[in-house]
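Asks: If you scroll down you'll find the structure; I have some questions about it.
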Number of protein chains: 2
Amino acid sequence: MEPVNLDAMLARFAEHWSPKRIAQVNNYDVRIVKVQGEFTWHTHPDTDEFFLVLGGQLTIQMRDRDVVLGPRELFVVPRGAEHCPRADTETALLLFEPSDGVNTGDVGGELTAEVETLA
Amino acid sequence: MEPVNLDAMLARFAEHWSPKRIAQVNNYDVRIVKVQGEFTWHTHPDTDEFFLVLGGQLTIQMRDRDVVLGPRELFVVPRGAEHCPRADTETALLLFEPSDGVNTGDVGGELTAEVETLA
């Protein structure tokens, strides 16, 4: 692989809630995604989910609290914990999750995105 | 877990080449490390190794080329590829690797560091 510049990769797409694979580590993906607005409540029964904010601000709504993350802040949603991400302005995230992971977890529906690879 | 601020975590230690676990994603660690100078040539026979530069500049020497990474740049050293990281000035990195991963891979020696957890 070639070195990956996060900002060059972020400049290559505009759509929201559609993760892009930018690297793989064993059977895990490193993905970036732009988000704005509210996603959908969902759960990943079989995996933790890692969020690192690259720019903007992310609120991870969980049933017992909200976690608010700014740039260079990260959080891991534990497997099985229902959550709903929200961003009031456009926000860029780096995700680390199993390569077979689906963005909408157990819920599915029209927000389910195929993960495109940016090479 | 609580949200993790990378800069607050980086402020909590000064030593070089001693990775700190700041989060876990399934059986993977998210680690941060400060490096300066040259590490040792080594290989991870069983795992890829992910490097993201948080500040400074990292050169990953490999047998066929050098990969140079600045802030917000990342690279994955493939499993089995011999490599030797080097940083001319103090550089901060974020790593994803299996929780049982050892920093010196197959080589061992005095640079082998126990991974402390920063909570």
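Identifiers for the structure tokens are assigned positionally: chains receive A, B, ... in sequence, residues are indexed from 1 per chain, and ligands are indexed from 1 in the order shown.
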Select, as a PyMOL selection string, those residues of chain B with any atom no more than 10 Å from chain A (distances computed using only C-alpha atoms).
Replies: chain B and resi 1-8+22-28+30+46-52+54+67-79+96-98
Asks: Can you tell me, as number ranges by chain, what residues are no more than 8 Å from Ile60 (chain B) when counting only C-alpha atoms, ignoring any on the same chain fewer than 6 positions away?
Replies: B: 66-68, 83-86
Asks: I'd like the interatomic distance between CA of Phe39 (chain A) and CA of Trp17 (chain A), to a tenth of an Å.
Replies: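 Spanning CA of Phe39 (chain A) to CA of Trp17 (chain A) is a straight-line distance of 7.7 Å.
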Asks: From chain A, collect each residue whose DSSP state is strand (DSSP E) and return the set as a PyMOL selection string.
Replies: chain A and resi 4-5+20-25+28-38+49-55+58-62+66-69+73-77+83-98+116-117
Asks: If DSSP is run on the backbone, what residues of chain A are alpha helix (DSSP H)? A reply as a VMD selection string would be ideal.
Replies: chain A and resid 6 to 10
Asks: I need the chosen residues saved as an mmCIF file, in the first residue's frame, with C-alpha atoms.
Replies:
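Result written to out_20.cif:
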```
data_model
loop_
_atom_site.group_PDB
_atom_site.id
_atom_site.type_symbol
_atom_site.label_atom_id
_atom_site.label_comp_id
_atom_site.auth_asym_id
_atom_site.auth_seq_id
_atom_site.Cartn_x
_atom_site.Cartn_y
_atom_site.Cartn_z
ATOM 1 C CA LEU A 6 -6.560 11.541 5.739
ATOM 2 C CA ASP A 7 -7.321 14.976 4.355
ATOM 3 C CA ALA A 8 -6.660 13.931 0.770
ATOM 4 C CA MET A 9 -8.998 10.983 1.278
ATOM 5 C CA LEU A 10 -11.699 13.141 2.879
#
```
Asks: Using only C-alpha atoms, pick whichever of A:Thr104, A:Thr112, A:Thr40, A:Gln57 has the shortest atom-to-atom distance to Asp88 (chain A).
Replies: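 Counting only C-alpha atoms, the residue closest to Asp88 (chain A) is A:Gln57.
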Asks: Can you measure CA of Gln61 (chain A) to CA of Glu110 (chain A) for me? One decimal in Å is fine.
Replies: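 Interatomic distance, CA of Gln61 (chain A) to CA of Glu110 (chain A): 20.2 Å.
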Asks: Considering only C-alpha atoms, return as number ranges by chain whatever protein or nucleic-acid residues lie within 12 Å of Leu111 (chain B), sequence-local ones (same chain, fewer than 5 positions apart) excluded.
Replies: B: 16-19, 35, 38-42, 102-106
Asks: Output C-alpha atoms of each residue in that selection to a file, as an mmCIF file, in the first residue's frame.
Replies:
```cif
data_model
loop_
_atom_site.group_PDB
_atom_site.id
_atom_site.type_symbol
_atom_site.label_atom_id
_atom_site.label_comp_id
_atom_site.auth_asym_id
_atom_site.auth_seq_id
_atom_site.Cartn_x
_atom_site.Cartn_y
_atom_site.Cartn_z
ATOM 1 C CA HIS B 16 9.783 7.041 24.084
ATOM 2 C CA TRP B 17 8.994 3.704 22.433
ATOM 3 C CA SER B 18 6.662 2.668 25.260
ATOM 4 C CA PRO B 19 3.116 2.221 23.901
ATOM 5 C CA VAL B 35 8.997 7.981 19.547
ATOM 6 C CA GLU B 38 15.656 4.814 15.637
ATOM 7 C CA PHE B 39 13.886 1.679 16.874
ATOM 8 C CA THR B 40 15.081 -1.797 15.900
ATOM 9 C CA TRP B 41 14.549 -3.872 12.763
ATOM 10 C CA HIS B 42 11.816 -6.384 13.455
ATOM 11 C CA VAL B 102 4.552 -7.028 21.221
ATOM 12 C CA ASN B 103 6.274 -3.869 20.013
ATOM 13 C CA THR B 104 9.492 -5.613 19.015
ATOM 14 C CA GLY B 105 7.707 -8.442 17.183
ATOM 15 C CA ASP B 106 9.978 -11.409 16.552
#
```
